>>> print(open('coords35.tsv').read())   # TSV, C-alpha atoms
chain	number	residue	atom	x	y	z
A	1	MET	CA	85.56	101.68	68.67
A	2	PRO	CA	84.40	102.77	72.13
A	3	ARG	CA	87.17	102.26	74.62
A	4	THR	CA	84.95	100.49	77.11
A	5	THR	CA	84.38	97.51	74.83
A	6	ASN	CA	88.09	96.80	74.66
A	7	LEU	CA	88.35	94.09	77.26
A	8	ALA	CA	85.08	92.56	76.13
A	9	ARG	CA	86.37	92.37	72.56
A	10	GLN	CA	89.72	90.95	73.54
A	11	LEU	CA	88.08	88.32	75.71
A	12	GLU	CA	85.84	87.45	72.83
A	13	ALA	CA	88.82	87.18	70.51
A	14	LEU	CA	90.62	84.92	72.97
A	15	GLY	CA	87.52	83.01	73.94
A	16	GLY	CA	88.38	83.80	77.53
A	17	GLU	CA	86.21	84.64	80.50
A	18	VAL	CA	87.36	87.12	83.08
A	19	HIS	CA	84.97	86.29	85.93
A	20	GLY	CA	86.86	83.22	87.05
A	21	ALA	CA	90.13	85.11	87.00
A	22	LEU	CA	88.68	87.86	89.18
A	23	GLU	CA	87.54	85.30	91.76
A	24	GLU	CA	91.05	83.95	92.16
A	25	VAL	CA	93.43	86.83	91.69
A	26	SER	CA	94.77	87.88	95.07
A	27	VAL	CA	93.73	91.52	94.80
A	28	PRO	CA	90.58	92.02	96.93
A	29	MET	CA	87.51	93.13	94.95
A	30	TYR	CA	83.84	93.71	95.68
A	31	VAL	CA	80.51	94.59	94.14
A	32	LEU	CA	77.80	96.61	95.90
A	33	ASP	CA	74.24	96.87	94.63
A	34	ARG	CA	72.26	100.11	94.45
A	35	ALA	CA	71.04	99.64	98.00
A	36	GLY	CA	74.62	99.46	99.27
A	37	LYS	CA	74.45	95.75	99.97
A	38	ILE	CA	77.62	93.70	99.42
A	39	ARG	CA	76.69	91.37	96.58
A	40	TRP	CA	80.03	89.81	95.74
A	41	LEU	CA	83.49	89.48	97.22
A	42	ASN	CA	86.31	87.58	95.56
A	43	ASP	CA	88.37	85.11	97.60
A	44	ALA	CA	90.95	87.71	98.59
A	45	ALA	CA	88.22	90.11	99.78
A	46	GLN	CA	86.48	87.35	101.73
A	47	ALA	CA	89.72	86.68	103.57
A	48	LEU	CA	89.80	90.36	104.50
A	49	MET	CA	86.09	90.68	105.35
A	50	PRO	CA	84.79	87.31	106.44
A	51	GLU	CA	81.02	86.83	106.23
A	52	ALA	CA	80.43	90.30	104.87
A	53	THR	CA	78.50	89.14	101.80
A	54	GLY	CA	74.86	90.21	102.05
A	55	LYS	CA	75.54	92.91	104.63
A	56	LYS	CA	75.28	96.64	103.98
A	57	PHE	CA	78.74	98.08	103.35
A	58	THR	CA	78.22	100.50	106.23
A	59	GLU	CA	78.04	97.56	108.67
A	60	ILE	CA	81.68	96.62	108.12
A	61	LEU	CA	83.12	100.13	108.35
A	62	ALA	CA	84.46	101.82	111.45
A	63	PRO	CA	81.70	104.09	112.87
A	64	ASP	CA	83.51	107.34	112.06
A	65	GLN	CA	83.80	106.24	108.42
A	66	VAL	CA	80.12	105.59	107.81
A	67	HIS	CA	79.09	109.15	107.06
A	68	PRO	CA	81.77	109.98	104.46
A	69	ALA	CA	81.38	106.54	102.89
A	70	ARG	CA	77.59	107.03	102.52
A	71	ARG	CA	78.23	110.33	100.82
A	72	HIS	CA	80.70	108.78	98.35
A	73	PHE	CA	78.24	106.03	97.63
A	74	ALA	CA	75.30	108.39	97.06
A	75	LEU	CA	77.35	110.53	94.67
A	76	ARG	CA	78.49	107.37	92.90
A	77	MET	CA	74.91	106.25	92.37
A	78	LEU	CA	74.09	109.67	90.92
A	79	ASP	CA	77.19	109.40	88.70
A	80	ARG	CA	78.49	112.60	90.24
A	81	GLU	CA	81.55	111.26	92.04
A	82	ARG	CA	84.63	112.55	90.23
A	83	PHE	CA	87.25	110.58	92.10
A	84	THR	CA	87.80	106.87	91.90
A	85	ASP	CA	90.20	106.62	94.84
A	86	HIS	CA	89.61	107.07	98.53
A	87	GLU	CA	90.61	105.72	101.91
A	88	THR	CA	88.46	104.17	104.57
A	89	VAL	CA	88.73	102.01	107.67
A	90	LEU	CA	87.15	98.59	108.13
A	91	GLN	CA	86.01	97.48	111.55
A	92	THR	CA	87.06	93.91	112.26
A	93	SER	CA	84.85	91.51	114.25
A	94	ASP	CA	87.03	92.00	117.34
A	95	GLY	CA	86.55	95.77	117.13
A	96	GLY	CA	89.94	96.45	115.56
A	97	ARG	CA	90.50	98.99	112.80
A	98	HIS	CA	91.92	98.09	109.44
A	99	GLY	CA	92.79	100.93	107.08
A	100	ILE	CA	92.35	100.34	103.35
A	101	GLU	CA	92.60	102.26	100.11
A	102	ILE	CA	89.93	101.71	97.53
A	103	SER	CA	89.52	102.37	93.84
A	104	SER	CA	85.89	102.12	92.78
A	105	VAL	CA	83.74	102.91	89.75
A	106	PRO	CA	80.04	102.72	88.95
A	107	LEU	CA	78.87	99.33	87.76
A	108	ARG	CA	76.63	99.88	84.75
A	109	LYS	CA	74.11	97.94	82.80
A	110	GLY	CA	73.83	99.85	79.55
A	111	GLN	CA	73.54	103.47	80.67
A	112	ARG	CA	72.02	102.64	84.03
A	113	ILE	CA	74.14	102.50	87.20
A	114	VAL	CA	73.33	99.28	89.01
A	115	GLY	CA	75.97	99.36	91.75
A	116	VAL	CA	79.64	99.81	92.51
A	117	PHE	CA	82.66	97.75	91.51
A	118	GLY	CA	85.66	98.31	93.74
A	119	VAL	CA	89.22	97.15	94.18
A	120	ILE	CA	91.16	97.37	97.43
A	121	THR	CA	94.48	98.82	96.38
A	122	ALA	CA	96.36	98.93	99.66
A	123	GLN	CA	96.03	97.77	103.23
A	124	ARG	CA	97.65	99.45	106.13
A	125	ALA	CA	98.25	97.23	109.12
A	126	ALA	CA	98.00	99.50	112.13
A	127	PRO	CA	96.76	102.73	110.65
A	128	THR	CA	93.76	105.05	111.03
A	129	ARG	CA	95.44	108.39	111.39
A	130	ARG	CA	98.55	109.30	109.50
A	131	THR	CA	99.84	112.35	111.31
A	132	PRO	CA	103.62	112.26	111.14
A	133	SER	CA	104.09	112.32	114.91
A	134	VAL	CA	102.11	109.13	115.55
A	135	PRO	CA	104.12	106.33	113.91
A	136	ALA	CA	107.40	107.26	115.53
A	137	ALA	CA	105.85	107.67	118.95
A	138	ALA	CA	106.03	103.97	119.80
A	139	LEU	CA	109.82	103.83	119.49
A	140	THR	CA	112.04	104.96	122.34
A	141	PRO	CA	114.75	107.51	121.48
A	142	ARG	CA	117.37	104.77	121.63
A	143	GLN	CA	115.33	102.49	119.37
A	144	HIS	CA	114.96	105.37	116.99
A	145	GLU	CA	118.68	105.91	116.93
A	146	VAL	CA	119.28	102.21	116.33
A	147	LEU	CA	116.73	102.21	113.53
A	148	HIS	CA	118.52	105.05	111.77
A	149	LEU	CA	121.86	103.29	112.07
A	150	LEU	CA	120.26	100.08	110.78
A	151	GLY	CA	119.03	102.08	107.83
A	152	THR	CA	122.60	102.88	106.91
A	153	GLY	CA	123.46	99.20	106.99
A	154	ARG	CA	125.54	99.21	110.14
A	155	THR	CA	126.27	96.00	112.01
A	156	THR	CA	125.70	95.39	115.71
A	157	GLN	CA	129.36	95.99	116.47
A	158	GLN	CA	129.49	99.22	114.48
A	159	MET	CA	126.39	100.50	116.26
A	160	ALA	CA	127.83	99.51	119.63
A	161	ASP	CA	131.03	101.44	118.87
A	162	GLN	CA	129.19	104.48	117.67
A	163	MET	CA	126.69	104.60	120.54
A	164	SER	CA	129.21	103.54	123.19
A	165	LEU	CA	127.06	100.61	124.21
A	166	SER	CA	127.77	96.90	124.54
A	167	PRO	CA	126.77	94.74	121.55
A	168	GLU	CA	124.28	92.97	123.82
A	169	THR	CA	122.53	96.24	124.64
A	170	VAL	CA	122.40	97.12	120.95
A	171	ARG	CA	120.85	93.72	120.24
A	172	ASN	CA	118.23	94.44	122.87
A	173	HIS	CA	117.36	97.74	121.25
A	174	VAL	CA	117.21	96.06	117.84
A	175	ARG	CA	114.86	93.41	119.24
A	176	GLY	CA	112.63	96.19	120.56
A	177	VAL	CA	112.58	97.85	117.14
A	178	LEU	CA	111.63	94.58	115.43
A	179	VAL	CA	108.77	93.97	117.87
A	180	GLU	CA	107.52	97.55	117.56
A	181	LEU	CA	107.52	97.45	113.76
A	182	GLY	CA	106.29	93.87	113.51
A	183	ALA	CA	109.35	92.84	111.51
A	184	GLN	CA	111.00	89.42	111.32
A	185	SER	CA	114.44	90.67	110.42
A	186	ARG	CA	116.54	93.82	110.51
A	187	LEU	CA	116.18	94.11	106.78
A	188	GLU	CA	112.41	93.95	107.03
A	189	ALA	CA	112.42	96.50	109.86
A	190	VAL	CA	114.29	99.00	107.70
A	191	LEU	CA	111.94	98.44	104.77
A	192	ILE	CA	108.86	98.82	106.99
A	193	ALA	CA	110.29	101.95	108.57
A	194	HIS	CA	110.98	103.32	105.12
A	195	ARG	CA	107.45	102.60	103.98
A	196	GLN	CA	106.03	104.34	107.05
A	197	GLY	CA	108.17	107.39	106.43
A	198	LEU	CA	110.35	106.83	109.51
A	199	LEU	CA	113.43	106.51	107.33
A	200	GLU	CA	114.34	108.06	104.03
A	201	TRP	CA	116.97	106.88	101.66
A	202	PRO	CA	119.47	109.67	101.04
A	203	GLY	CA	118.92	109.22	97.32
A	204	GLU	CA	115.36	110.45	97.76
A	205	LEU	CA	116.46	113.50	99.69
A	206	ALA	CA	118.80	114.40	96.89
A	207	ASP	CA	116.04	114.29	94.27
B	1	MET	CA	82.02	79.75	92.89
B	2	SER	CA	79.82	81.47	90.35
B	3	GLY	CA	78.99	84.56	92.41
B	4	LEU	CA	80.07	87.07	89.82
B	5	HIS	CA	77.90	85.54	87.12
B	6	GLY	CA	74.81	86.50	89.08
B	7	ILE	CA	75.78	90.16	89.07
B	8	ASP	CA	73.75	92.21	86.65
B	9	GLY	CA	76.26	94.75	85.39
B	10	ASP	CA	79.23	95.12	83.13
B	11	ILE	CA	82.19	94.05	85.22
B	12	ARG	CA	84.52	94.19	82.22
B	13	ALA	CA	83.73	97.85	81.64
B	14	ALA	CA	84.30	98.56	85.34
B	15	LEU	CA	87.75	96.98	85.10
B	16	GLU	CA	88.64	99.51	82.41
B	17	GLY	CA	87.98	102.39	84.78
B	18	VAL	CA	89.46	101.46	88.16
B	19	SER	CA	92.82	102.95	88.98
B	20	VAL	CA	94.37	99.52	89.50
B	21	PRO	CA	96.47	98.50	86.48
B	22	ALA	CA	95.28	95.26	84.87
B	23	TYR	CA	96.23	93.33	81.73
B	24	VAL	CA	95.53	90.29	79.60
B	25	ILE	CA	98.27	88.32	77.83
B	26	ASP	CA	97.54	85.63	75.25
B	27	THR	CA	99.21	82.20	75.19
B	28	THR	CA	102.01	83.45	72.93
B	29	GLY	CA	102.97	86.13	75.46
B	30	VAL	CA	101.52	89.07	73.53
B	31	ILE	CA	99.81	91.75	75.62
B	32	ARG	CA	96.26	91.90	74.31
B	33	TRP	CA	94.63	94.33	76.71
B	34	VAL	CA	95.72	96.93	79.26
B	35	ASN	CA	93.34	99.17	81.18
B	36	ASP	CA	93.78	102.95	81.42
B	37	ALA	CA	95.63	102.74	84.74
B	38	GLY	CA	98.03	100.26	83.14
B	39	LYS	CA	98.57	102.56	80.16
B	40	ARG	CA	99.36	105.43	82.49
B	41	LEU	CA	102.03	103.28	84.08
B	42	VAL	CA	103.74	101.56	81.13
B	43	GLY	CA	102.19	103.19	78.07
B	44	ASP	CA	99.97	101.53	75.47
B	45	VAL	CA	101.88	98.28	75.18
B	46	ARG	CA	99.15	96.28	73.48
B	47	GLY	CA	100.57	94.05	70.77
B	48	ARG	CA	103.98	93.78	72.42
B	49	GLN	CA	105.57	90.79	74.12
B	50	PHE	CA	105.08	91.07	77.88
B	51	THR	CA	108.81	90.60	78.42
B	52	SER	CA	109.43	93.98	76.75
B	53	VAL	CA	107.76	95.65	79.75
B	54	VAL	CA	109.80	93.70	82.33
B	55	ALA	CA	113.26	94.84	83.49
B	56	PRO	CA	115.97	92.81	81.69
B	57	GLU	CA	117.22	90.99	84.79
B	58	GLU	CA	113.67	89.82	85.56
B	59	THR	CA	112.58	88.47	82.20
B	60	ARG	CA	113.73	84.91	82.87
B	61	ARG	CA	111.71	84.64	86.07
B	62	ALA	CA	108.72	86.33	84.42
B	63	ARG	CA	108.90	83.81	81.55
B	64	GLU	CA	108.97	80.90	84.02
B	65	HIS	CA	105.88	82.22	85.79
B	66	PHE	CA	104.11	82.74	82.51
B	67	ALA	CA	105.00	79.29	81.17
B	68	GLY	CA	103.79	77.69	84.40
B	69	LYS	CA	100.44	79.38	84.11
B	70	ILE	CA	99.95	78.56	80.45
B	71	ALA	CA	100.87	74.94	81.21
B	72	GLY	CA	98.40	74.93	84.09
B	73	THR	CA	100.97	74.02	86.72
B	74	ARG	CA	100.67	77.36	88.55
B	75	LYS	CA	97.34	78.85	89.47
B	76	VAL	CA	97.91	82.13	91.25
B	77	THR	CA	101.26	83.88	91.14
B	78	ASP	CA	101.93	86.76	93.51
B	79	ALA	CA	105.34	88.11	92.70
B	80	PRO	CA	107.39	91.27	92.96
B	81	VAL	CA	108.50	92.45	89.53
B	82	VAL	CA	110.43	95.42	88.20
B	83	LEU	CA	108.68	96.92	85.18
B	84	VAL	CA	110.00	99.44	82.72
B	85	GLY	CA	107.65	102.43	82.81
B	86	ALA	CA	106.42	104.57	79.93
B	87	ASP	CA	109.30	107.03	80.41
B	88	GLY	CA	111.95	104.36	80.99
B	89	ASP	CA	111.71	104.46	84.80
B	90	ARG	CA	112.17	101.25	86.75
B	91	LEU	CA	108.94	100.54	88.63
B	92	SER	CA	108.82	98.20	91.57
B	93	VAL	CA	105.43	96.44	91.60
B	94	GLU	CA	103.65	93.39	93.03
B	95	ILE	CA	101.70	91.47	90.45
B	96	SER	CA	98.97	88.93	91.05
B	97	SER	CA	98.12	86.88	87.98
B	98	VAL	CA	95.94	83.88	87.13
B	99	PRO	CA	95.21	81.80	84.04
B	100	LEU	CA	92.41	83.09	81.84
B	101	LEU	CA	90.06	80.26	81.02
B	102	ASP	CA	87.67	79.34	78.25
B	103	GLY	CA	85.80	76.56	79.98
B	104	HIS	CA	88.71	74.38	81.06
B	105	ARG	CA	91.09	75.54	78.35
B	106	ILE	CA	93.76	78.09	79.26
B	107	VAL	CA	93.69	80.91	76.70
B	108	GLY	CA	95.94	83.45	78.40
B	109	VAL	CA	96.80	85.19	81.63
B	110	PHE	CA	94.93	87.89	83.51
B	111	GLY	CA	96.93	90.00	85.92
B	112	GLN	CA	96.54	92.93	88.27
B	113	LEU	CA	99.09	95.10	89.99
B	114	ALA	CA	98.51	94.58	93.70
B	115	ASP	CA	100.97	97.28	94.68
B	116	VAL	CA	103.06	99.94	93.00
B	117	ASP	CA	105.97	101.22	95.04
B	118	ASP	CA	106.14	105.03	95.00
B	119	ALA	CA	109.92	105.01	94.95
B	120	PRO	CA	111.50	103.87	91.68
B	121	ALA	CA	113.33	100.56	91.89
B	122	PRO	CA	117.03	101.20	92.43
B	123	PRO	CA	119.27	100.37	89.49
B	124	ILE	CA	121.02	97.02	89.58
B	125	PRO	CA	124.82	97.36	89.83
B	126	PRO	CA	126.33	96.30	86.49
B	127	ASN	CA	128.83	93.81	87.94
B	128	LEU	CA	126.13	91.39	89.18
B	129	THR	CA	125.12	88.19	87.44
B	130	PRO	CA	121.42	87.91	86.48
B	131	ARG	CA	120.80	85.57	89.42
B	132	GLN	CA	122.51	87.92	91.85
B	133	ALA	CA	120.38	90.76	90.46
B	134	GLU	CA	117.22	88.71	91.07
B	135	VAL	CA	118.32	87.91	94.60
B	136	LEU	CA	119.16	91.57	95.30
B	137	HIS	CA	115.75	92.66	94.06
B	138	LEU	CA	114.02	90.22	96.39
B	139	LEU	CA	116.21	91.34	99.30
B	140	GLN	CA	115.16	94.90	98.51
B	141	ARG	CA	111.59	93.74	99.01
B	142	GLY	CA	112.50	92.32	102.42
B	143	ARG	CA	112.25	88.66	101.42
B	144	SER	CA	113.89	85.99	103.61
B	145	THR	CA	116.14	83.18	102.35
B	146	HIS	CA	113.23	80.75	102.31
B	147	GLN	CA	110.92	83.13	100.51
B	148	ILE	CA	113.61	83.75	97.89
B	149	ALA	CA	114.18	80.00	97.52
B	150	GLU	CA	110.48	79.49	96.89
B	151	GLU	CA	110.23	82.39	94.47
B	152	LEU	CA	113.23	81.32	92.38
B	153	HIS	CA	112.67	77.56	92.68
B	154	LEU	CA	116.06	77.06	94.30
B	155	SER	CA	117.17	75.36	97.49
B	156	ALA	CA	117.77	77.56	100.52
B	157	GLU	CA	121.45	76.59	100.39
B	158	THR	CA	121.76	77.76	96.78
B	159	VAL	CA	120.11	81.04	97.69
B	160	ARG	CA	122.59	81.49	100.54
B	161	ASN	CA	125.40	80.93	98.04
B	162	HIS	CA	124.01	83.55	95.68
B	163	VAL	CA	123.66	85.96	98.60
B	164	ARG	CA	127.26	85.31	99.63
B	165	TYR	CA	128.59	86.11	96.15
B	166	LEU	CA	126.23	89.06	95.90
B	167	LEU	CA	127.64	90.54	99.09
B	168	ARG	CA	131.16	89.98	97.83
B	169	ALA	CA	130.35	91.64	94.49
B	170	LEU	CA	128.96	94.67	96.30
B	171	GLY	CA	131.82	94.74	98.78
B	172	VAL	CA	129.55	94.55	101.83
B	173	ASN	CA	129.18	92.24	104.82
B	174	THR	CA	125.45	91.96	105.43
B	175	ARG	CA	122.20	91.77	103.49
B	176	LEU	CA	121.07	95.00	105.03
B	177	GLU	CA	124.24	96.70	103.85
B	178	ALA	CA	123.65	95.28	100.39
B	179	VAL	CA	120.18	96.85	100.24
B	180	ALA	CA	121.39	100.12	101.70
B	181	ALA	CA	124.32	100.19	99.26
B	182	SER	CA	122.05	99.49	96.29
B	183	ARG	CA	119.81	102.36	97.39
B	184	GLY	CA	122.73	104.73	97.11
B	185	GLU	CA	123.38	104.88	100.83
B	186	LEU	CA	126.92	105.83	101.74
B	187	LEU	CA	128.25	103.24	104.08
B	188	VAL	CA	130.35	104.31	107.00
B	189	ARG	CA	132.83	101.53	107.47
>>> encode(input="coords35.tsv", output="structure tokens")
Amino acid sequence: MPRTTNLARQLEALGGEVHGALEEVSVPMYVLDRAGKIRWLNDAAQALMPEATGKKFTEILAPDQVHPARRHFALRMLDRERFTDHETVLQTSDGGRHGIEISSVPLRKGQRIVGVFGVITAQRAAPTRRTPSVPAAALTPRQHEVLHLLGTGRTTQQMADQMSLSPETVRNHVRGVLVELGAQSRLEAVLIAHRQGLLEWPGELAD
Amino acid sequence: MSGLHGIDGDIRAALEGVSVPAYVIDTTGVIRWVNDAGKRLVGDVRGRQFTSVVAPEETRRAREHFAGKIAGTRKVTDAPVVLVGADGDRLSVEISSVPLLDGHRIVGVFGQLADVDDAPAPPIPPNLTPRQAEVLHLLQRGRSTHQIAEELHLSAETVRNHVRYLLRALGVNTRLEAVAASRGELLVR
């Protein structure tokens, strides 16, 4: 049995229909036609790219992304793109940049490629470039120090003792860290910092 | 919205090929389909109960979510889950799942992994109760008291109680310390 009929067969066996599920699942997905026009976005993708349906996909990308994206698309249409995964940057209506990771495959009808089906696998809030020096740059040296102590689970008082500062000053630094990282709590700040590579758990270093 | 029906192409075949893990479970909880990305993550688990792929401390919550969807009381569930990978690793993932429909009848659940954490989920300390383990896992994902309350269908006060006992069980004073401790961080006291 050809592998590609698997889902079709299972859906048939269950009597189910996957299209409705794809509309509602909160993973953003899209379909482009052969001309590169956005033909379908599920609800999650529409939230990410409002009013993009009907536009060319190049119209919603950041200008510096258009060329590489066109190339991917052309190779995809020729069935010569070997990789399913790549990164790109969306341009929001207010001119902001929104980095995303995409997994996409040719959409076929029989043997013919009729477009592209893609899934947005990750969104990066502030991104664009991921050189290691950039993310840390926004934190002051003191904030950085506080962040590292937070990462080890220290309390305000412990940090104050260690840094020879008053607890109030430590709280100020912590507030600055939260604002800079867009976190609501200390716990969230540490997790965000970890995700951005600003902090590493010692367990990972040991591996 | 019927947008996808107008698309002339085999969406189901495309789903097999994308690198985002996806699955279908029938109403009895048996995994009926997993795409290649899913197989790479948890192995070919078709024919098994979905709970066999979920970390032991998470199976109760996973069952609740599943039952809610089969009963039609929950539409979309976006939840962090710890899965057991093909080689026994604990995988921290975010799953988005929805009922699979035949007309208006619910015939199963379709789900996709919205996010797979690169770092393996830290092991749960053995002296925790199942509830404490659930709470710790959500804290590890940065969830607040209210978010945990919503996720576990508990009151905020009950969640605070679980957190209190969790901290005591781990011998720490704050939530942050609890997460750091569970990650293997040596605490300087």
>>> atom_distance(input="coords35.tsv", atom1="atom CA of A:Gly36", atom2="atom CA of B:Pro21")
25.3 Å
>>> residues_near_point(input="coords35.tsv", point="(122.9, 92.7, 119.4)", cutoff="12 Å", atoms="only C-alpha atoms", output="list in words")
Val146, Leu150, Arg154, Thr155, Thr156, Gln157, Gln158, Met159, Ala160, Asp161, Leu165, Ser166, Pro167, Glu168, Thr169, Val170, Arg171, Asn172, His173, Val174, Arg175, Gly176, Val177 and Arg186 of chain A
>>> residues_around(input="coords35.tsv", residues="A:Pro68", least_positions_apart="6", cutoff="12 Å", atoms="only C-alpha atoms", output="list in words")
Thr58, Leu61, Ala62, Ala74, Leu75, His86, Glu87, Thr88 and Val89 of chain A
>>> residues_around(input="coords35.tsv", residues="stretch 80-88 of chain B", least_positions_apart="6", cutoff="6 Å", atoms="all atoms listed in the file", output="number ranges by chain")
B: 41-43, 53-55, 94
>>> write_last_selection(input="coords35.tsv", atoms="C-alpha atoms", output="short mmCIF file (atom, residue, chain, number, x, y, z; two decimals), keeping the file's coordinate frame")
data_model
loop_
_atom_site.label_atom_id
_atom_site.label_comp_id
_atom_site.auth_asym_id
_atom_site.auth_seq_id
_atom_site.Cartn_x
_atom_site.Cartn_y
_atom_site.Cartn_z
CA LEU B 41 102.03 103.28 84.08
CA VAL B 42 103.74 101.56 81.13
CA GLY B 43 102.19 103.19 78.07
CA VAL B 53 107.76 95.65 79.75
CA VAL B 54 109.80 93.70 82.33
CA ALA B 55 113.26 94.84 83.49
CA GLU B 94 103.65 93.39 93.03
#
>>> interface_residues(input="coords35.tsv", of="chain B", to="chain A", cutoff="8 Å", atoms="all atoms listed in the file", output="count of residues only")
56
>>> closest_residue(input="coords35.tsv", among="B:Arg61, B:Ala119, B:Gln132, B:Pro125", to="B:Tyr165", atoms="only C-alpha atoms")
B:Gln132
>>> atom_distance(input="coords35.tsv", atom1="atom CA of A:Met29", atom2="atom CA of A:Asp64")
22.6 Å
>>> atom_distance(input="coords35.tsv", atom1="atom CA of B:Asp117", atom2="atom CA of B:Leu91")
7.1 Å
>>> residues_around(input="coords35.tsv", residues="stretch 145-147 of chain B", least_positions_apart="2", cutoff="10 Å", atoms="all atoms listed in the file", output="ChimeraX atom specification")
/B:135,138-139,142-143,149-160,163
>>> write_last_selection(input="coords35.tsv", atoms="C-alpha atoms", output="mmCIF file, in the frame of the given file")
data_model
loop_
_atom_site.group_PDB
_atom_site.id
_atom_site.type_symbol
_atom_site.label_atom_id
_atom_site.label_comp_id
_atom_site.auth_asym_id
_atom_site.auth_seq_id
_atom_site.Cartn_x
_atom_site.Cartn_y
_atom_site.Cartn_z
ATOM 1 C CA VAL B 135 118.320 87.910 94.600
ATOM 2 C CA LEU B 138 114.020 90.220 96.390
ATOM 3 C CA LEU B 139 116.210 91.340 99.300
ATOM 4 C CA GLY B 142 112.500 92.320 102.420
ATOM 5 C CA ARG B 143 112.250 88.660 101.420
ATOM 6 C CA ALA B 149 114.180 80.000 97.520
ATOM 7 C CA GLU B 150 110.480 79.490 96.890
ATOM 8 C CA GLU B 151 110.230 82.390 94.470
ATOM 9 C CA LEU B 152 113.230 81.320 92.380
ATOM 10 C CA HIS B 153 112.670 77.560 92.680
ATOM 11 C CA LEU B 154 116.060 77.060 94.300
ATOM 12 C CA SER B 155 117.170 75.360 97.490
ATOM 13 C CA ALA B 156 117.770 77.560 100.520
ATOM 14 C CA GLU B 157 121.450 76.590 100.390
ATOM 15 C CA THR B 158 121.760 77.760 96.780
ATOM 16 C CA VAL B 159 120.110 81.040 97.690
ATOM 17 C CA ARG B 160 122.590 81.490 100.540
ATOM 18 C CA VAL B 163 123.660 85.960 98.600
#
>>> residues_around(input="coords35.tsv", residues="B:Ala71", least_positions_apart="5", cutoff="10 Å", atoms="only C-alpha atoms", output="list of chain:residue names")
B:Thr27, B:His65, B:Phe66, B:Pro99, B:Ile106
>>> closest_residue(input="coords35.tsv", among="B:Leu136, B:Leu15, B:Val93, B:Val109", to="B:Phe50", atoms="all atoms listed in the file")
B:Val109
>>> closest_residue(input="coords35.tsv", among="A:Leu90, A:Leu139, A:Ala35, A:Met77", to="A:Glu180", atoms="all atoms listed in the file")
A:Leu139
>>> decode(input="coords35.tsv", residues="stretch 137-149 of chain B", atoms="N, CA and C atoms", output="compact mmCIF listing (two decimals), in the first residue's frame")
# COMPACT_ATOMS: atom_id res chain seq x y z
N HIS B 137 5.16 20.38 35.96
CA HIS B 137 5.36 20.42 34.52
C HIS B 137 4.85 21.73 33.93
N LEU B 138 3.71 22.19 34.42
CA LEU B 138 3.17 23.45 33.91
C LEU B 138 4.02 24.63 34.36
N LEU B 139 4.55 24.57 35.57
CA LEU B 139 5.47 25.62 36.02
C LEU B 139 6.72 25.65 35.13
N GLN B 140 7.17 24.47 34.75
CA GLN B 140 8.35 24.40 33.87
C GLN B 140 8.07 25.06 32.53
N ARG B 141 6.81 25.10 32.15
CA ARG B 141 6.45 25.77 30.90
C ARG B 141 6.13 27.25 31.13
N GLY B 142 6.36 27.74 32.35
CA GLY B 142 6.16 29.16 32.62
C GLY B 142 4.72 29.56 32.84
N ARG B 143 3.84 28.60 33.16
CA ARG B 143 2.43 28.93 33.34
C ARG B 143 2.19 29.60 34.70
N SER B 144 1.24 30.54 34.72
CA SER B 144 0.87 31.23 35.96
C SER B 144 -0.18 30.40 36.71
N THR B 145 -0.46 30.80 37.95
CA THR B 145 -1.48 30.11 38.76
C THR B 145 -2.79 30.00 38.00
N HIS B 146 -3.22 31.11 37.39
CA HIS B 146 -4.52 31.09 36.71
C HIS B 146 -4.52 30.20 35.48
N GLN B 147 -3.40 30.22 34.77
CA GLN B 147 -3.31 29.35 33.59
C GLN B 147 -3.33 27.88 34.02
N ILE B 148 -2.66 27.58 35.13
CA ILE B 148 -2.65 26.19 35.62
C ILE B 148 -4.06 25.79 36.06
N ALA B 149 -4.73 26.71 36.75
CA ALA B 149 -6.09 26.44 37.21
C ALA B 149 -7.00 26.09 36.03
